[in-house]
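Reproduced below: start-v9.txt, with compact mmCIF, C-alpha atoms.
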# COMPACT_ATOMS: atom_id res chain seq x y z
CA MET A 1 117.51 118.23 98.78
CA VAL A 2 119.15 121.67 98.99
CA ARG A 3 122.44 120.07 99.99
CA ARG A 4 122.26 117.67 97.04
CA GLY A 5 121.66 120.62 94.70
CA ARG A 6 124.71 122.40 96.10
CA ILE A 7 126.83 119.30 95.54
CA VAL A 8 125.62 118.96 91.95
CA LYS A 9 126.28 122.66 91.34
CA PHE A 10 129.77 122.28 92.83
CA LEU A 11 130.54 119.33 90.55
CA LEU A 12 129.13 120.88 87.35
CA SER A 13 130.22 124.52 87.77
CA HIS A 14 132.74 125.72 85.18
CA SER A 15 132.70 129.51 85.27
CA ASP A 16 136.47 129.90 85.67
CA VAL A 17 139.71 127.94 86.01
CA TYR A 18 139.14 127.37 89.74
CA ASP A 19 135.77 125.76 89.08
CA VAL A 20 137.36 123.43 86.53
CA ILE A 21 139.44 121.71 89.21
CA ASN A 22 137.43 122.56 92.34
CA LEU A 23 136.90 118.88 93.16
CA HIS A 24 140.62 118.11 92.91
CA LEU A 25 141.54 121.14 95.03
CA LEU A 26 139.08 119.98 97.68
CA ALA A 27 140.60 116.48 97.63
CA LEU A 28 144.11 117.93 98.03
CA LYS A 29 142.99 120.03 101.01
CA MET A 30 141.31 117.05 102.68
CA CYS A 31 144.42 114.88 102.20
CA GLY A 32 146.68 117.62 103.59
CA GLU A 33 148.66 118.05 100.37
CA LEU A 34 147.46 121.64 99.93
CA PHE A 35 147.27 123.46 103.25
CA VAL A 36 147.95 126.88 101.69
CA VAL A 37 144.39 127.96 100.81
CA ARG A 38 143.14 130.89 98.72
CA LYS A 39 140.06 133.00 99.42
CA ARG A 40 138.22 133.50 96.14
CA ASN A 41 136.63 136.82 97.08
CA THR A 42 139.85 138.52 98.28
CA ASN A 43 142.55 136.38 96.52
CA GLN A 44 144.31 136.14 99.90
CA LEU A 45 146.44 133.11 100.77
CA TYR A 46 146.33 131.66 104.28
CA ILE A 47 147.29 128.42 106.02
CA SER A 48 144.43 126.04 106.78
CA TRP A 49 145.37 124.41 110.08
CA LYS A 50 142.99 121.52 109.46
CA SER A 51 144.75 120.71 106.18
CA PHE A 52 148.13 121.20 107.86
CA ALA A 53 147.12 118.73 110.59
CA CYS A 54 146.09 116.27 107.87
CA PHE A 55 149.51 116.73 106.24
CA LEU A 56 151.31 116.00 109.53
CA ALA A 57 149.11 112.97 110.13
CA GLN A 58 149.81 111.72 106.59
CA LEU A 59 153.57 112.23 107.01
CA LEU A 60 153.64 110.45 110.37
CA CYS A 61 151.54 107.64 108.92
CA LEU A 62 153.96 107.22 106.01
CA LEU A 63 156.97 107.18 108.34
CA ALA A 64 155.27 104.68 110.64
CA LEU A 65 154.36 102.40 107.74
CA VAL A 66 157.88 102.47 106.26
CA ILE A 67 159.65 101.84 109.59
CA GLY A 68 156.98 99.64 111.14
CA GLY A 69 156.55 97.67 107.95
CA HIS A 70 160.26 96.84 107.94
CA PHE A 71 160.13 95.45 111.49
CA ALA A 72 156.82 93.69 110.79
CA HIS A 73 158.35 91.84 107.84
CA GLN A 74 161.33 90.83 109.99
CA ARG A 75 159.10 89.71 112.87
CA PHE A 76 156.28 87.89 111.10
CA SER A 77 157.80 86.61 107.84
CA GLU A 78 159.19 83.25 109.04
CA LYS A 79 156.66 81.37 106.94
CA ASP A 80 156.93 83.83 104.04
CA ALA A 81 160.70 83.94 103.64
CA THR A 82 161.06 83.24 99.90
CA TYR A 83 163.05 85.59 97.70
CA LEU A 84 159.79 86.79 96.13
CA HIS A 85 158.43 87.87 99.52
CA GLN A 86 161.69 89.62 100.33
CA GLY A 87 161.79 91.35 96.95
CA THR A 88 158.19 92.51 97.41
CA SER A 89 159.05 93.86 100.87
CA VAL A 90 162.02 95.82 99.49
CA LEU A 91 159.92 97.24 96.64
CA ILE A 92 157.19 98.35 99.05
CA ARG A 93 159.75 100.08 101.31
CA ILE A 94 161.26 101.90 98.31
CA SER A 95 157.75 103.01 97.31
CA GLY A 96 157.23 104.25 100.87
CA VAL A 97 160.39 106.37 100.78
CA PHE A 98 159.28 107.71 97.38
CA ALA A 99 155.86 108.57 98.84
CA ILE A 100 157.50 110.45 101.76
CA VAL A 101 159.63 112.51 99.35
CA ILE A 102 156.55 113.27 97.24
CA SER A 103 154.48 114.26 100.29
CA ILE A 104 157.12 116.70 101.60
CA SER A 105 157.68 118.14 98.10
CA ASN A 106 153.94 118.72 97.69
CA ALA A 107 153.79 120.58 100.99
CA ILE A 108 156.71 122.83 100.00
CA VAL A 109 155.26 123.80 96.62
CA GLY A 110 151.64 124.24 97.73
CA LYS A 111 151.80 128.02 97.31
CA ARG A 112 153.02 127.73 93.71
CA ILE A 113 149.89 125.84 92.68
CA TRP A 114 147.87 129.00 93.27
CA ALA A 115 150.42 131.06 91.31
CA ILE A 116 150.05 128.65 88.35
CA LEU A 117 146.26 128.87 88.49
CA GLU A 118 146.52 132.66 88.75
CA CYS A 119 148.46 132.74 85.46
CA PHE A 120 145.75 130.64 83.80
CA ASP A 121 143.05 132.89 85.26
CA ARG A 122 144.78 136.05 83.94
CA TYR A 123 144.94 134.48 80.50
CA ASP A 124 141.25 133.53 80.60
CA LYS A 125 140.12 136.98 81.73
CA ARG A 126 142.17 138.63 78.98
CA MET A 127 140.60 136.34 76.41
CA ILE A 128 137.12 137.28 77.62
CA LEU A 129 137.94 140.92 76.85
CA LEU A 130 139.10 139.84 73.37
CA ASN A 131 135.83 138.01 72.75
CA ALA A 132 137.59 134.61 72.57
CA THR A 133 136.43 132.86 75.73
CA VAL A 134 138.28 129.73 76.83
CA ASP A 135 136.01 126.68 76.87
CA HIS A 136 136.02 125.70 80.56
CA ARG A 137 133.19 123.22 80.08
CA THR A 138 135.24 121.04 77.72
CA GLN A 139 138.22 121.15 80.09
CA LYS A 140 136.15 120.12 83.09
CA LEU A 141 134.43 117.32 81.18
CA ALA A 142 137.76 115.93 79.94
CA ILE A 143 139.35 116.14 83.40
CA MET A 144 136.37 114.51 85.11
CA VAL A 145 136.19 111.64 82.59
CA TRP A 146 139.91 110.91 82.79
CA THR A 147 139.80 111.15 86.60
CA VAL A 148 136.99 108.60 86.80
CA LEU A 149 138.80 106.22 84.42
CA PHE A 150 142.09 106.64 86.28
CA CYS A 151 140.47 106.11 89.69
CA ALA A 152 138.71 102.99 88.37
CA GLY A 153 142.04 101.63 87.10
CA VAL A 154 143.76 102.38 90.42
CA ALA A 155 140.90 100.73 92.36
CA ILE A 156 141.15 97.60 90.19
CA PHE A 157 144.91 97.33 90.71
CA VAL A 158 144.64 97.97 94.46
CA GLY A 159 141.99 95.25 94.61
CA GLY A 160 144.36 92.94 92.73
CA PHE A 161 147.13 93.74 95.22
CA ILE A 162 144.83 93.04 98.17
CA PHE A 163 143.79 89.69 96.70
CA ALA A 164 147.41 88.76 95.96
CA ILE A 165 148.61 89.75 99.47
CA VAL A 166 145.82 87.79 101.19
CA THR A 167 146.57 84.78 98.97
CA ASN A 168 150.35 84.76 99.31
CA TYR A 169 150.97 85.95 102.88
CA SER A 170 150.06 83.55 105.68
CA ASN A 171 150.38 85.88 108.69
CA PRO A 172 147.29 88.11 109.26
CA VAL A 173 149.34 90.94 110.83
CA LEU A 174 151.70 90.97 107.87
CA GLN A 175 148.72 90.96 105.50
CA LEU A 176 147.17 93.98 107.22
CA VAL A 177 150.45 95.94 107.34
CA THR A 178 151.29 95.23 103.68
CA ILE A 179 147.78 96.09 102.44
CA THR A 180 147.79 99.38 104.41
CA GLN A 181 151.23 100.25 103.03
CA ILE A 182 150.14 99.66 99.44
CA ILE A 183 146.91 101.67 99.77
CA ILE A 184 148.55 104.72 101.42
CA PHE A 185 151.63 104.74 99.19
CA VAL A 186 149.57 104.37 96.01
CA MET A 187 147.23 107.21 97.06
CA VAL A 188 150.13 109.63 97.57
CA ILE A 189 151.95 108.69 94.36
CA VAL A 190 148.80 108.70 92.22
CA SER A 191 147.76 112.06 93.69
CA ILE A 192 150.91 113.85 92.50
CA LEU A 193 150.67 112.19 89.10
CA CYS A 194 147.07 113.39 88.66
CA GLN A 195 148.11 116.86 89.80
CA MET A 196 150.83 117.13 87.18
CA VAL A 197 148.72 115.70 84.35
CA ILE A 198 145.81 118.07 85.08
CA VAL A 199 148.03 121.17 85.28
CA MET A 200 149.87 120.21 82.08
CA TYR A 201 146.58 119.54 80.28
CA MET A 202 145.25 122.98 81.23
CA ALA A 203 148.47 124.60 79.99
CA SER A 204 148.38 122.62 76.74
CA PHE A 205 144.73 123.60 76.17
CA ARG A 206 145.60 127.31 76.46
CA PHE A 207 148.62 127.10 74.16
CA TYR A 208 146.34 125.54 71.56
CA HIS A 209 143.72 128.23 72.19
CA LEU A 210 146.28 131.03 71.75
CA ARG A 211 147.58 129.57 68.49
CA ARG A 212 144.03 129.27 67.10
CA PHE A 213 143.27 132.83 68.22
CA PHE A 214 146.28 134.15 66.29
CA GLU A 215 145.41 132.18 63.14
CA VAL A 216 141.80 133.37 63.18
CA ASN A 217 142.70 137.04 63.68
CA PHE A 218 145.85 137.36 61.57
CA LEU A 219 145.97 134.70 58.87
CA PRO A 220 143.75 134.62 55.78
CA TRP A 221 140.74 132.38 55.82
CA GLN A 222 140.55 129.30 53.64
CA PRO A 223 136.81 128.93 53.27
CA SER A 224 134.79 126.50 51.21
CA SER A 225 133.62 127.42 47.74
CA PHE A 226 130.24 128.91 48.71
CA VAL A 227 131.90 131.93 50.42
CA LEU A 228 134.82 132.21 48.03
CA ASN A 229 133.50 135.48 46.65
CA GLU A 230 133.78 137.12 50.07
CA LEU A 231 137.41 136.07 50.56
CA PRO A 232 139.08 139.30 49.31
CA THR A 233 136.92 141.43 51.61
CA VAL A 234 137.60 139.22 54.63
CA ASN A 235 141.36 139.12 54.01
CA GLU A 236 141.45 142.89 53.57
CA PHE A 237 139.82 143.20 56.99
CA ARG A 238 142.45 140.86 58.46
CA ARG A 239 145.27 142.93 57.01
CA LEU A 240 144.00 145.99 58.86
CA THR A 241 144.78 144.34 62.18
CA ASP A 242 147.08 146.70 64.08
CA SER A 243 150.19 145.87 66.06
CA ALA A 244 148.38 146.29 69.40
CA LEU A 245 146.63 142.94 68.98
CA PHE A 246 149.93 141.29 68.07
CA THR A 247 151.47 142.72 71.25
CA THR A 248 148.52 141.30 73.18
CA VAL A 249 149.22 137.86 71.73
CA MET A 250 152.82 138.07 72.90
CA GLU A 251 151.74 139.19 76.37
CA LEU A 252 149.39 136.22 76.59
CA TYR A 253 152.19 133.93 75.46
CA HIS A 254 154.48 135.30 78.18
CA THR A 255 151.71 134.65 80.73
CA LEU A 256 151.55 130.99 79.69
CA GLN A 257 155.34 130.86 79.62
CA GLU A 258 155.40 132.09 83.23
CA ALA A 259 152.90 129.35 84.14
CA MET A 260 155.20 126.71 82.60
CA ARG A 261 158.17 128.12 84.52
CA LEU A 262 156.20 127.83 87.76
CA ILE A 263 155.13 124.28 86.87
CA HIS A 264 158.75 123.32 86.31
CA LYS A 265 159.79 124.82 89.66
CA ALA A 266 156.88 123.29 91.53
CA TYR A 267 157.26 119.72 90.26
CA SER A 268 160.98 119.36 89.48
CA VAL A 269 161.70 117.03 92.44
CA GLN A 270 158.60 114.91 91.78
CA LEU A 271 159.40 114.74 88.07
CA LEU A 272 162.97 113.61 88.73
CA SER A 273 161.78 110.93 91.17
CA MET A 274 159.18 109.65 88.71
CA THR A 275 161.69 109.53 85.85
CA VAL A 276 164.29 107.64 87.88
CA SER A 277 161.75 105.12 89.20
CA ASN A 278 160.15 104.50 85.80
CA ILE A 279 163.17 102.71 84.29
CA PRO A 280 164.02 99.90 86.75
CA SER A 281 160.55 99.09 88.13
CA PRO A 282 158.82 98.08 84.84
CA THR A 283 161.95 96.21 83.73
CA LEU A 284 162.19 94.13 86.91
CA ALA A 285 158.42 93.59 87.05
CA MET A 286 158.32 92.29 83.46
CA PHE A 287 161.34 90.06 84.09
CA ALA A 288 159.64 88.62 87.18
CA THR A 289 156.52 87.97 85.08
CA TYR A 290 158.66 86.18 82.49
CA ARG A 291 160.27 84.06 85.23
CA SER A 292 156.91 83.13 86.75
CA PHE A 293 155.55 81.91 83.41
CA MET A 294 158.69 80.26 82.03
CA THR A 295 159.61 78.25 85.13
CA SER A 296 157.67 75.63 86.99
CA ASN A 297 157.57 77.77 90.14
CA TYR A 298 154.21 79.58 90.16
CA ASP A 299 154.46 80.98 93.69
CA MET A 300 153.05 84.51 94.01
CA GLN A 301 152.34 84.68 90.28
CA ASN A 302 149.18 86.74 90.79
CA LEU A 303 151.13 89.29 92.85
CA ILE A 304 153.91 89.47 90.25
CA VAL A 305 151.47 89.97 87.37
CA THR A 306 149.59 92.67 89.32
CA MET A 307 152.86 94.50 90.06
CA SER A 308 153.92 94.24 86.42
CA LEU A 309 150.63 95.61 85.08
CA SER A 310 150.54 98.43 87.65
CA SER A 311 154.11 99.48 86.82
CA ILE A 312 153.22 99.55 83.11
CA MET A 313 150.14 101.66 83.88
CA TYR A 314 152.33 104.05 85.90
CA LEU A 315 154.77 104.25 82.97
CA LEU A 316 151.94 105.02 80.53
CA SER A 317 150.72 107.79 82.86
CA TYR A 318 154.23 109.23 82.82
CA TYR A 319 154.14 109.06 79.01
CA MET A 320 150.98 111.15 79.16
CA LEU A 321 153.08 113.88 80.78
CA ILE A 322 155.60 113.56 77.94
CA PHE A 323 152.77 113.78 75.40
CA LEU A 324 151.40 116.98 76.97
CA SER A 325 154.88 118.53 77.20
CA ALA A 326 155.53 117.67 73.53
CA GLU A 327 152.14 119.13 72.57
CA ILE A 328 152.97 122.41 74.29
CA LYS A 329 156.29 122.56 72.44
CA ARG A 330 154.56 121.75 69.14
CA GLU A 331 151.94 124.47 69.65
CA SER A 332 154.70 126.97 70.42
CA LEU A 333 156.59 126.08 67.23
CA GLN A 334 153.36 126.19 65.24
CA LEU A 335 152.68 129.68 66.57
CA ILE A 336 156.14 130.79 65.39
CA LYS A 337 155.39 129.37 61.93
CA SER A 338 152.12 131.28 61.91
CA PHE A 339 154.04 134.46 62.77
CA HIS A 340 156.31 134.04 59.75
CA HIS A 341 153.38 133.06 57.54
CA PHE A 342 151.66 136.28 58.54
CA THR A 343 154.64 138.47 57.56
CA ASN A 344 155.42 136.55 54.36
CA LEU A 345 151.92 137.07 52.98
CA TYR A 346 151.49 140.81 52.88
CA ASN A 347 152.52 142.42 56.17
CA ALA A 348 156.17 143.38 55.72
CA GLU A 349 155.78 146.21 58.24
CA PHE A 350 155.36 143.57 60.96
CA GLU A 351 158.58 141.78 60.02
CA ARG A 352 160.78 143.37 62.68
CA ILE A 353 158.41 142.84 65.62
CA VAL A 354 157.65 139.29 64.45
CA LYS A 355 161.35 138.42 64.18
CA ILE A 356 162.05 139.73 67.69
CA SER A 357 159.07 137.85 69.11
CA ALA A 358 159.97 134.60 67.33
CA ASP A 359 163.56 134.83 68.57
CA GLN A 360 162.35 135.31 72.15
CA MET A 361 160.09 132.27 71.85
CA ASN A 362 162.88 130.12 70.37
CA ASP A 363 165.36 131.12 73.08
CA SER A 364 163.04 130.16 75.96
CA SER A 365 161.63 126.65 75.77
CA VAL A 366 158.21 126.06 77.31
CA ALA A 367 158.48 122.26 77.59
CA LEU A 368 159.23 120.52 80.87
CA HIS A 369 162.90 119.74 81.54
CA LEU A 370 164.95 117.43 83.70
CA GLY A 371 168.04 119.61 83.94
CA PRO A 372 169.29 119.84 80.34
CA ILE A 373 167.02 116.99 79.18
CA GLU A 374 163.67 117.98 77.69
CA LEU A 375 160.58 115.84 78.21
CA ASN A 376 159.81 114.79 74.65
CA TRP A 377 159.32 111.67 72.58
CA LYS A 378 163.07 111.25 72.18
CA LEU A 379 163.31 110.75 75.95
CA ALA A 380 160.30 108.41 75.89
CA PHE A 381 161.82 106.17 73.20
CA SER A 382 165.20 106.25 74.98
CA MET A 383 163.55 105.03 78.18
CA MET A 384 161.70 102.33 76.26
CA SER A 385 164.85 101.11 74.49
CA THR A 386 166.79 101.09 77.80
CA MET A 387 164.10 98.97 79.48
CA ILE A 388 163.96 96.53 76.57
CA SER A 389 167.77 96.24 76.47
CA TYR A 390 168.03 95.47 80.19
CA LEU A 391 165.10 93.06 79.98
CA VAL A 392 166.81 91.16 77.14
CA ILE A 393 170.07 91.06 79.14
CA LEU A 394 168.29 89.70 82.21
CA ILE A 395 166.51 87.04 80.14
CA GLN A 396 169.78 86.01 78.47
CA PHE A 397 171.56 85.67 81.82
CA ASP A 398 168.62 83.70 83.17
CA ARG A 399 168.60 81.31 80.20
CA SER A 400 172.42 80.85 80.33
CA SER A 401 172.28 80.06 84.06
CA VAL A 402 169.57 77.50 83.41
CA GLY A 403 171.76 75.89 80.73
CA ILE A 404 174.77 75.74 83.05
CA ALA A 405 172.68 74.23 85.84
CA SER A 406 171.36 71.51 83.52
CA LEU A 407 174.95 70.51 82.55
Let me see whether you can do it: turn the structure in this file into C-alpha cells.
Amino acid sequence: MVRRGRIVKFLLSHSDVYDVINLHLLALKMCGELFVVRKRNTNQLYISWKSFACFLAQLLCLLALVIGGHFAHQRFSEKDATYLHQGTSVLIRISGVFAIVISISNAIVGKRIWAILECFDRYDKRMILLNATVDHRTQKLAIMVWTVLFCAGVAIFVGGFIFAIVTNYSNPVLQLVTITQIIIFVMVIVSILCQMVIVMYMASFRFYHLRRFFEVNFLPWQPSSFVLNELPTVNEFRRLTDSALFTTVMELYHTLQEAMRLIHKAYSVQLLSMTVSNIPSPTLAMFATYRSFMTSNYDMQNLIVTMSLSSIMYLLSYYMLIFLSAEIKRESLQLIKSFHHFTNLYNAEFERIVKISADQMNDSSVALHLGPIELNWKLAFSMMSTMISYLVILIQFDRSSVGIASL
C-alpha cells in the first residue's frame, strides 16, 4: 500500500519542472537514452552505468536487427519474393539505420537535456520571486494526456503492423524478425519525437507566460464596465513601474532564449533526419495505397494501408513541432509589440531601453532552424505541396504506363 502511494505521488507530483516530466525522464533512463543523470539535492551530473549498459544493449540490438534482418530476408524470403515484400524490407532497413543514428545522437546530447531543464527551472524560480508562479499542474496534465493518446495511437499501429506481417509473411522466422524490427525501431523513433515535442511545449508555455506577465505589469487594463471607475487609479499604478522590472523581463527572455539555443544544438541531427524522411515516406506510402485500391492486385493491402496511416501520423507529429516553433516565434513578436505599445502610451522615458531590447530580440530568432531554414508554416506548406506534386507525378506515370500496356 505504501509503495502504491509512492507511485501515485510520483505520477501526480508537480512542484517543479523536473516533476512535470519525471515519468519521461525515468523512461529515458530505463531505455538507456539518458545515462547522464542529475542528483536533485546537489545538482551534480554523473554517469549511470546501468543506463549506459542499457544504451549499449539497445545499440547492439539495433545493429543486430538491421544486419541480421537483411540476411534473414535473403535467407527466408523465397516464398515472399514479391516487389511489395522487397520494398517493405528496404523500408524497414532504412528505418533501422535512422533509429541507429537517433540512438547515438540521443546519447551524445544527454547532458544538454539537463542544461535545458536548468534554464526552465531558473525561469520558474525567478517567477516565484515575482509572485507569478508558472502553472506546473497544467503542464503535467497536458503532457500526460497527450502521452497517453500518443502511446495508444502507436500501440494501435504496431498492432496493425503485427497483424499485417503475420498475414502476409509465410515464414515464421521472417515474421518474428520483422515484428521485432518494427517494435524496436518504432520505440526509438517515437521516443525522440516525444522528447522534442515535450521540450518545445514547455518552452512555448513559458514564452506565453512571460508575455502575459509583461502585459499584466506594464500595459493598461481593459476591464469591464463595473470597474471602469477604478481604471485611472490602476493605470497610474502601472505607470509607476520602474525600469528594474523591465530589465528582469529581458533577463527572463534571455534565459528562455538560451534554452532554445540548447534545444537547437541538442536536436539538430534528429531534426534534420526527421525532416528529410518526412517527404518521401508519406508520398510513397500514399502512392502504394492508391495502387493497392486502383488495381486488381490486393496483396499486402493491409500492410500498405497501415504503413500509409503510420507515416501520416508521423508527419502530423512533425507538424506539431512546427506548430510549437511557430507559437514561440509568435509569442516573441507579440512581446515586441507589447514593448512598443508600452512606450507609445505614456512612457517615453523607456523608449531607448525598449528600442535596444526589441532590436536584440529581432536580431536573434528563437524558433527552431534547419540551417538557414526556419521551422514555420511556410516550411510545412512547402513540404505538403512537394508531397502532393510528387504523388500526382507518380499517379500520372502509373496511369500512362497502364494505357501503354493496354495498347
Exercise. Which neighbours of Arg137 of chain A fall inside 9 Å, counting only C-alpha atoms, when residues of the same chain fewer than 5 positions from it are skipped, and could you give them as a PyMOL selection string?
Worked result: chain A and resi 12-15+20+142
Exercise. Got a sec: who's within 9 Å of Arg212 of chain A, counting all atoms listed in the file, leaving out chain neighbours fewer than 5 positions off, as a list of chain:residue names?
Worked result: A:Phe207, A:Asn217, A:Leu335
Exercise. For Ile162 of chain A, which residue among A:Phe293, A:Ile182, A:Met144, A:Lys355 is the nearest when counting only C-alpha atoms?
Worked result: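 Comparing A:Phe293, A:Ile182, A:Met144, A:Lys355 against Ile162 of chain A, the winner is A:Ile182.
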Exercise. In file coordinates, which residues lie within 12 Å of (155.4, 134.7, 83.8) using all atoms listed in the file, given as a list in words?
Worked result: Ala115, Ile116, Leu117, Glu118, Cys119, Phe120, Arg122, Tyr123, Met250, Glu251, Leu252, Tyr253, His254, Thr255, Leu256, Gln257, Glu258, Ala259, Met260, Arg261, Leu262, Ile263, Ser364 and Val366 of chain A
For this session: Do a neighbour search on Leu245 of chain A at 12 Å with all atoms listed in the file, toss out local chain neighbours closer than 6 positions, and write the hits as a list of chain:residue names.
Result: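 Counting all atoms listed in the file, the residues come to A:Arg126, A:Met127, A:Leu129, A:Leu130, A:Phe213, A:Phe214, A:Asn217, A:Phe218, A:Arg238, A:Glu251, A:Leu252, A:Phe350.
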Exercise. Do you know which residues are at most 9 Å from Ser273 of chain A counting only C-alpha atoms, after dropping those on the same chain fewer than 6 positions away, and could you put them as a list in words?
Worked result: Phe98, Val101 and Ile102 of chain A
Exercise. Between A:Cys31, A:Ile113, A:Val173, A:Ile21, which has the minimum distance to Arg75 of chain A (counting only C-alpha atoms)?
Worked result: A:Val173
Problem set entry | Pick from A:Ile104, A:Leu315, A:Ala203, A:Val188 nearest to Val134 of chain A, counting all atoms listed in the file |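 For Val134 of chain A, the nearest of the given residues is A:Ala203.
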